[in-house]
Amino acid sequence: MSDHPIEKPDRAEAEAAVRTLLRWAGDDPAREGLTGTPDRVVRAFEEWFAGYDQDPHAILERTFSEVEGYDEIVFLKDIRFESHCEHHLAPIIGRAHIAYLPDRRVVGISKLARLVEIYAKRLTIQEKMTAQIANTLNEVLQPRGVAVVIDAAHQCMTTRGVHKPGVSMMTSRMLGAFRDDATTRREFLAMLNTPNHSANV
């Protein structure tokens, strides 16, 4: 679900746009190797940008309150994602780390991964995506604190422009106790920097 609803062109218009870009690149969209490309590109766009048709708030609405008083950090680490830069349509590939301090309610951990996926499947910049994930979790779950860290490589800078492979960008958003309480923030950062041995289980 987009924050700015627009009237989408139909599939034929989208495929025609791909043919135009192929001609702009200097090739012939009618040649054998490219005749199916417009259809494939449009289908790829449907997958890459599926987040526009999903409501990130709705997936967090089902919560659980029977947690036996658990009120420590809930941390989901190394959520791999693939997104696209809104400036060049180039891939952004990285990992998101999400933590929150529950206030009587928790959410299923798969919902946290889906929250990342919804915002990743939109044209974005990393700073905006980081803030969106943290703000949505904070608004819906209303925990005592939220922390989001994203570490990603941007192909708009590795395959074009300055051509600097091997560079990653880190962004963070801290809300509530993670921003205001130095002890809580240190605990989160210590957990973030602990090797994730369970990822290989």
# chains A, B, ... in the order shown; residues from 1 in each chain; ligands from 1
call {"tool": "select_by_dssp", "arguments": {"residues": "range 4-101 of chain A", "states": "helix (DSSP H, G or I)", "output": "ChimeraX atom specification"}}
result
/A:11-25,32-34,37-48,50-53,58-60
call {"tool": "write_last_selection", "arguments": {"atoms": "N, CA, C and O atoms", "output": "compact mmCIF listing (two decimals), in the first residue's frame"}}
result
# COMPACT_ATOMS: atom_id res chain seq x y z
N ARG A 11 -0.54 -3.33 -18.08
CA ARG A 11 0.63 -4.15 -18.37
C ARG A 11 1.22 -3.84 -19.75
O ARG A 11 2.45 -3.81 -19.92
N ALA A 12 0.35 -3.60 -20.72
CA ALA A 12 0.83 -3.31 -22.07
C ALA A 12 1.67 -2.03 -22.09
O ALA A 12 2.70 -1.96 -22.77
N GLU A 13 1.25 -1.03 -21.35
CA GLU A 13 2.01 0.22 -21.27
C GLU A 13 3.37 -0.01 -20.60
O GLU A 13 4.39 0.56 -21.02
N ALA A 14 3.37 -0.85 -19.55
CA ALA A 14 4.63 -1.14 -18.86
C ALA A 14 5.61 -1.86 -19.80
O ALA A 14 6.80 -1.54 -19.84
N GLU A 15 5.10 -2.83 -20.55
CA GLU A 15 5.96 -3.56 -21.47
C GLU A 15 6.47 -2.64 -22.58
O GLU A 15 7.63 -2.76 -23.01
N ALA A 16 5.63 -1.72 -23.04
CA ALA A 16 6.07 -0.77 -24.07
C ALA A 16 7.19 0.12 -23.53
O ALA A 16 8.13 0.48 -24.27
N ALA A 17 7.11 0.48 -22.26
CA ALA A 17 8.16 1.30 -21.66
C ALA A 17 9.49 0.55 -21.64
O ALA A 17 10.55 1.15 -21.87
N VAL A 18 9.45 -0.75 -21.37
CA VAL A 18 10.68 -1.55 -21.37
C VAL A 18 11.27 -1.58 -22.78
O VAL A 18 12.49 -1.45 -22.96
N ARG A 19 10.42 -1.74 -23.79
CA ARG A 19 10.92 -1.74 -25.18
C ARG A 19 11.60 -0.41 -25.51
O ARG A 19 12.64 -0.37 -26.18
N THR A 20 11.02 0.69 -25.02
CA THR A 20 11.63 2.01 -25.24
C THR A 20 13.02 2.06 -24.62
O THR A 20 13.98 2.56 -25.23
N LEU A 21 13.15 1.55 -23.41
CA LEU A 21 14.45 1.56 -22.73
C LEU A 21 15.47 0.67 -23.45
O LEU A 21 16.66 1.00 -23.51
N LEU A 22 15.00 -0.45 -23.99
CA LEU A 22 15.91 -1.32 -24.75
C LEU A 22 16.44 -0.60 -25.99
O LEU A 22 17.63 -0.69 -26.32
N ARG A 23 15.56 0.14 -26.65
CA ARG A 23 16.00 0.92 -27.81
C ARG A 23 16.97 2.02 -27.37
O ARG A 23 17.96 2.30 -28.03
N TRP A 24 16.66 2.65 -26.21
CA TRP A 24 17.54 3.70 -25.68
C TRP A 24 18.92 3.14 -25.37
O TRP A 24 19.94 3.81 -25.59
N ALA A 25 18.99 1.89 -24.91
CA ALA A 25 20.28 1.25 -24.61
C ALA A 25 21.06 0.94 -25.88
O ALA A 25 22.27 0.72 -25.82
N GLU A 32 15.44 -11.83 -31.46
CA GLU A 32 14.99 -13.05 -30.79
C GLU A 32 15.29 -13.07 -29.29
O GLU A 32 14.44 -13.42 -28.47
N GLY A 33 16.47 -12.65 -28.92
CA GLY A 33 16.86 -12.73 -27.51
C GLY A 33 16.13 -11.75 -26.61
O GLY A 33 16.15 -11.90 -25.38
N LEU A 34 15.49 -10.73 -27.20
CA LEU A 34 14.84 -9.69 -26.40
C LEU A 34 13.32 -9.68 -26.50
O LEU A 34 12.68 -8.91 -25.78
N THR A 37 11.74 -10.16 -23.23
CA THR A 37 12.30 -9.37 -22.13
C THR A 37 11.28 -8.41 -21.49
O THR A 37 11.22 -8.32 -20.26
N PRO A 38 10.48 -7.69 -22.26
CA PRO A 38 9.51 -6.80 -21.61
C PRO A 38 8.58 -7.53 -20.64
O PRO A 38 8.33 -7.05 -19.54
N ASP A 39 8.09 -8.70 -21.03
CA ASP A 39 7.23 -9.47 -20.13
C ASP A 39 7.99 -9.90 -18.89
O ASP A 39 7.49 -9.80 -17.77
N ARG A 40 9.23 -10.35 -19.06
CA ARG A 40 10.02 -10.81 -17.92
C ARG A 40 10.34 -9.65 -16.98
O ARG A 40 10.32 -9.81 -15.75
N VAL A 41 10.65 -8.48 -17.54
CA VAL A 41 10.96 -7.33 -16.70
C VAL A 41 9.74 -6.90 -15.89
O VAL A 41 9.83 -6.60 -14.69
N VAL A 42 8.57 -6.89 -16.52
CA VAL A 42 7.35 -6.50 -15.81
C VAL A 42 7.05 -7.49 -14.69
O VAL A 42 6.68 -7.10 -13.58
N ARG A 43 7.24 -8.79 -14.97
CA ARG A 43 7.02 -9.78 -13.91
C ARG A 43 8.03 -9.62 -12.79
O ARG A 43 7.71 -9.80 -11.61
N ALA A 44 9.26 -9.28 -13.14
CA ALA A 44 10.28 -9.03 -12.10
C ALA A 44 9.89 -7.82 -11.25
O ALA A 44 10.04 -7.84 -10.03
N PHE A 45 9.38 -6.76 -11.90
CA PHE A 45 8.94 -5.58 -11.15
C PHE A 45 7.81 -5.94 -10.18
O PHE A 45 7.76 -5.41 -9.07
N GLU A 46 6.91 -6.82 -10.61
CA GLU A 46 5.82 -7.23 -9.71
C GLU A 46 6.38 -7.88 -8.45
O GLU A 46 5.82 -7.70 -7.36
N GLU A 47 7.46 -8.62 -8.58
CA GLU A 47 8.07 -9.27 -7.42
C GLU A 47 8.91 -8.29 -6.62
O GLU A 47 8.81 -8.23 -5.39
N TRP A 48 9.75 -7.50 -7.31
CA TRP A 48 10.65 -6.58 -6.61
C TRP A 48 9.90 -5.50 -5.84
O TRP A 48 10.38 -5.05 -4.80
N ALA A 50 6.59 -5.60 -4.70
CA ALA A 50 5.34 -6.11 -4.14
C ALA A 50 4.95 -5.40 -2.85
O ALA A 50 3.79 -5.47 -2.42
N GLY A 51 5.87 -4.70 -2.23
CA GLY A 51 5.58 -4.02 -0.97
C GLY A 51 4.56 -2.91 -1.08
O GLY A 51 3.93 -2.54 -0.08
N TYR A 52 4.38 -2.38 -2.29
CA TYR A 52 3.39 -1.31 -2.46
C TYR A 52 1.97 -1.80 -2.24
O TYR A 52 1.08 -1.00 -1.93
N ASP A 53 1.75 -3.09 -2.40
CA ASP A 53 0.40 -3.65 -2.26
C ASP A 53 0.15 -4.25 -0.88
O ASP A 53 -0.86 -4.91 -0.66
N ALA A 58 -0.78 -3.53 9.20
CA ALA A 58 -1.73 -4.65 9.38
C ALA A 58 -1.03 -5.92 9.84
O ALA A 58 -1.59 -6.68 10.64
N ILE A 59 0.20 -6.17 9.38
CA ILE A 59 0.84 -7.43 9.74
C ILE A 59 1.26 -7.47 11.20
O ILE A 59 1.54 -8.54 11.74
N LEU A 60 1.32 -6.31 11.86
CA LEU A 60 1.75 -6.27 13.26
C LEU A 60 0.58 -6.25 14.24
O LEU A 60 0.80 -6.24 15.45
call {"tool": "residues_around", "arguments": {"residues": "Leu141 in chain A", "least_positions_apart": "6", "cutoff": "10 Å", "atoms": "only C-alpha atoms", "output": "PDB file with N, CA, C and O atoms, in the first residue's frame"}}
result
ATOM      1  N   HIS A  57       1.391  -1.898   8.664  1.00  0.00           N
ATOM      2  CA  HIS A  57       0.743  -1.813   9.973  1.00  0.00           C
ATOM      3  C   HIS A  57      -0.118  -3.050  10.238  1.00  0.00           C
ATOM      4  O   HIS A  57      -0.170  -3.553  11.362  1.00  0.00           O
ATOM      5  N   LEU A  60       1.322  -6.312  11.860  1.00  0.00           N
ATOM      6  CA  LEU A  60       1.751  -6.268  13.260  1.00  0.00           C
ATOM      7  C   LEU A  60       0.581  -6.247  14.240  1.00  0.00           C
ATOM      8  O   LEU A  60       0.797  -6.243  15.452  1.00  0.00           O
ATOM      9  N   GLU A  61      -0.629  -6.213  13.716  1.00  0.00           N
ATOM     10  CA  GLU A  61      -1.777  -6.007  14.605  1.00  0.00           C
ATOM     11  C   GLU A  61      -2.077  -7.189  15.517  1.00  0.00           C
ATOM     12  O   GLU A  61      -2.612  -7.012  16.603  1.00  0.00           O
ATOM     13  N   ARG A  62      -1.737  -8.400  15.105  1.00  0.00           N
ATOM     14  CA  ARG A  62      -1.975  -9.557  15.976  1.00  0.00           C
ATOM     15  C   ARG A  62      -0.791  -9.725  16.916  1.00  0.00           C
ATOM     16  O   ARG A  62       0.319 -10.040  16.495  1.00  0.00           O
ATOM     17  N   THR A  63      -1.022  -9.498  18.189  1.00  0.00           N
ATOM     18  CA  THR A  63       0.040  -9.593  19.187  1.00  0.00           C
ATOM     19  C   THR A  63      -0.339 -10.621  20.252  1.00  0.00           C
ATOM     20  O   THR A  63      -1.475 -11.103  20.298  1.00  0.00           O
ATOM     21  N   TYR A 100      13.239  -4.707  20.181  1.00  0.00           N
ATOM     22  CA  TYR A 100      12.274  -3.874  20.904  1.00  0.00           C
ATOM     23  C   TYR A 100      12.147  -4.373  22.335  1.00  0.00           C
ATOM     24  O   TYR A 100      12.473  -5.529  22.645  1.00  0.00           O
ATOM     25  N   LEU A 101      11.716  -3.465  23.202  1.00  0.00           N
ATOM     26  CA  LEU A 101      11.451  -3.787  24.606  1.00  0.00           C
ATOM     27  C   LEU A 101       9.941  -3.858  24.776  1.00  0.00           C
ATOM     28  O   LEU A 101       9.265  -2.821  24.740  1.00  0.00           O
ATOM     29  N   PRO A 102       9.377  -5.035  24.941  1.00  0.00           N
ATOM     30  CA  PRO A 102       7.919  -5.159  24.987  1.00  0.00           C
ATOM     31  C   PRO A 102       7.297  -4.502  26.209  1.00  0.00           C
ATOM     32  O   PRO A 102       7.917  -4.418  27.274  1.00  0.00           O
ATOM     33  N   ASP A 103       6.102  -4.006  26.015  1.00  0.00           N
ATOM     34  CA  ASP A 103       5.288  -3.482  27.115  1.00  0.00           C
ATOM     35  C   ASP A 103       4.011  -4.309  27.159  1.00  0.00           C
ATOM     36  O   ASP A 103       2.990  -3.926  26.595  1.00  0.00           O
ATOM     37  N   ARG A 104       4.124  -5.504  27.731  1.00  0.00           N
ATOM     38  CA  ARG A 104       3.004  -6.454  27.901  1.00  0.00           C
ATOM     39  C   ARG A 104       2.627  -7.204  26.625  1.00  0.00           C
ATOM     40  O   ARG A 104       1.946  -8.208  26.697  1.00  0.00           O
ATOM     41  N   ARG A 105       3.063  -6.736  25.458  1.00  0.00           N
ATOM     42  CA  ARG A 105       2.675  -7.408  24.222  1.00  0.00           C
ATOM     43  C   ARG A 105       3.904  -7.702  23.365  1.00  0.00           C
ATOM     44  O   ARG A 105       4.810  -6.890  23.275  1.00  0.00           O
ATOM     45  N   VAL A 106       3.891  -8.880  22.725  1.00  0.00           N
ATOM     46  CA  VAL A 106       4.936  -9.219  21.758  1.00  0.00           C
ATOM     47  C   VAL A 106       4.261  -9.615  20.445  1.00  0.00           C
ATOM     48  O   VAL A 106       3.070  -9.909  20.407  1.00  0.00           O
ATOM     49  N   VAL A 107       5.055  -9.617  19.389  1.00  0.00           N
ATOM     50  CA  VAL A 107       4.546  -9.981  18.074  1.00  0.00           C
ATOM     51  C   VAL A 107       5.358 -11.164  17.568  1.00  0.00           C
ATOM     52  O   VAL A 107       6.527 -11.331  17.943  1.00  0.00           O
TER      53      VAL A 107
END
call {"tool": "residues_around", "arguments": {"residues": "range 123-125 of chain A", "least_positions_apart": "6", "cutoff": "10 Å", "atoms": "only C-alpha atoms", "output": "list in words"}}
result
Trp48, Phe49, Gly51, Tyr52, Ser83, His84, Cys85, Glu86, His87, His88, Leu89, Ala90, Pro91, Ile92 and His154 of chain A
call {"tool": "write_last_selection", "arguments": {"atoms": "N, CA, C and O atoms", "output": "tab-separated table (two decimals), in the first residue's frame"}}
result
chain	number	residue	atom	x	y	z
A	48	TRP	N	9.75	-7.50	-7.31
A	48	TRP	CA	10.65	-6.58	-6.61
A	48	TRP	C	9.90	-5.50	-5.84
A	48	TRP	O	10.38	-5.05	-4.80
A	49	PHE	N	8.75	-5.10	-6.34
A	49	PHE	CA	8.04	-3.97	-5.73
A	49	PHE	C	6.67	-4.37	-5.17
A	49	PHE	O	5.74	-3.57	-5.14
A	51	GLY	N	5.87	-4.70	-2.23
A	51	GLY	CA	5.58	-4.02	-0.97
A	51	GLY	C	4.56	-2.91	-1.08
A	51	GLY	O	3.93	-2.54	-0.08
A	52	TYR	N	4.38	-2.38	-2.29
A	52	TYR	CA	3.39	-1.31	-2.46
A	52	TYR	C	1.97	-1.80	-2.24
A	52	TYR	O	1.08	-1.00	-1.93
A	83	SER	N	16.52	-4.79	-1.87
A	83	SER	CA	15.67	-3.64	-2.18
A	83	SER	C	16.23	-2.95	-3.42
A	83	SER	O	17.14	-3.46	-4.08
A	84	HIS	N	15.65	-1.79	-3.76
A	84	HIS	CA	16.12	-1.04	-4.92
A	84	HIS	C	16.16	0.45	-4.59
A	84	HIS	O	15.21	0.99	-4.01
A	85	CYS	N	17.25	1.08	-4.99
A	85	CYS	CA	17.45	2.51	-4.77
A	85	CYS	C	16.48	3.32	-5.62
A	85	CYS	O	16.33	3.08	-6.81
A	86	GLU	N	15.82	4.28	-5.00
A	86	GLU	CA	14.84	5.09	-5.73
A	86	GLU	C	15.49	6.10	-6.67
A	86	GLU	O	14.82	6.69	-7.50
A	87	HIS	N	16.80	6.27	-6.57
A	87	HIS	CA	17.49	7.22	-7.45
A	87	HIS	C	17.94	6.60	-8.76
A	87	HIS	O	17.94	7.27	-9.80
A	88	HIS	N	18.34	5.32	-8.74
A	88	HIS	CA	18.86	4.68	-9.95
A	88	HIS	C	18.21	3.32	-10.25
A	88	HIS	O	18.58	2.69	-11.24
A	89	LEU	N	17.29	2.87	-9.41
A	89	LEU	CA	16.68	1.54	-9.53
A	89	LEU	C	17.72	0.43	-9.37
A	89	LEU	O	17.50	-0.70	-9.82
A	90	ALA	N	18.85	0.74	-8.77
A	90	ALA	CA	19.90	-0.26	-8.58
A	90	ALA	C	19.65	-1.03	-7.28
A	90	ALA	O	19.08	-0.50	-6.32
A	91	PRO	N	20.07	-2.30	-7.24
A	91	PRO	CA	19.83	-3.11	-6.04
A	91	PRO	C	20.55	-2.59	-4.80
A	91	PRO	O	21.66	-2.06	-4.87
A	92	ILE	N	19.87	-2.75	-3.67
A	92	ILE	CA	20.44	-2.56	-2.33
A	92	ILE	C	20.31	-3.91	-1.64
A	92	ILE	O	19.19	-4.43	-1.51
A	154	HIS	N	25.21	-0.92	-1.75
A	154	HIS	CA	24.41	-0.21	-2.75
A	154	HIS	C	25.07	-0.32	-4.12
A	154	HIS	O	26.17	0.22	-4.33
call {"tool": "residues_around", "arguments": {"residues": "Ile109 in chain A", "least_positions_apart": "4", "cutoff": "12 Å", "atoms": "only C-alpha atoms", "output": "list in words"}}
result
Ile59, Leu60, Arg62, Thr63, Phe64, Val74, Phe75, Leu76, Lys77, Ile79, His97, Ile98, Ala99, Tyr100, Ala113, Arg114, Leu115 and Val116 of chain A
call {"tool": "residues_around", "arguments": {"residues": "Lys128 in chain A", "least_positions_apart": "3", "cutoff": "12 Å", "atoms": "only C-alpha atoms", "output": "number ranges by chain"}}
result
A: 85-86, 119-120, 122-125, 131-136, 148, 150, 171-173
call {"tool": "select_by_dssp", "arguments": {"residues": "range 37-95 of chain A", "states": "strand (DSSP E or B)", "output": "count of residues only"}}
result
19
call {"tool": "atom_distance", "arguments": {"atom1": "CA of Phe81 in chain A", "atom2": "CA of Val140 in chain A"}}
result
22.0 Å
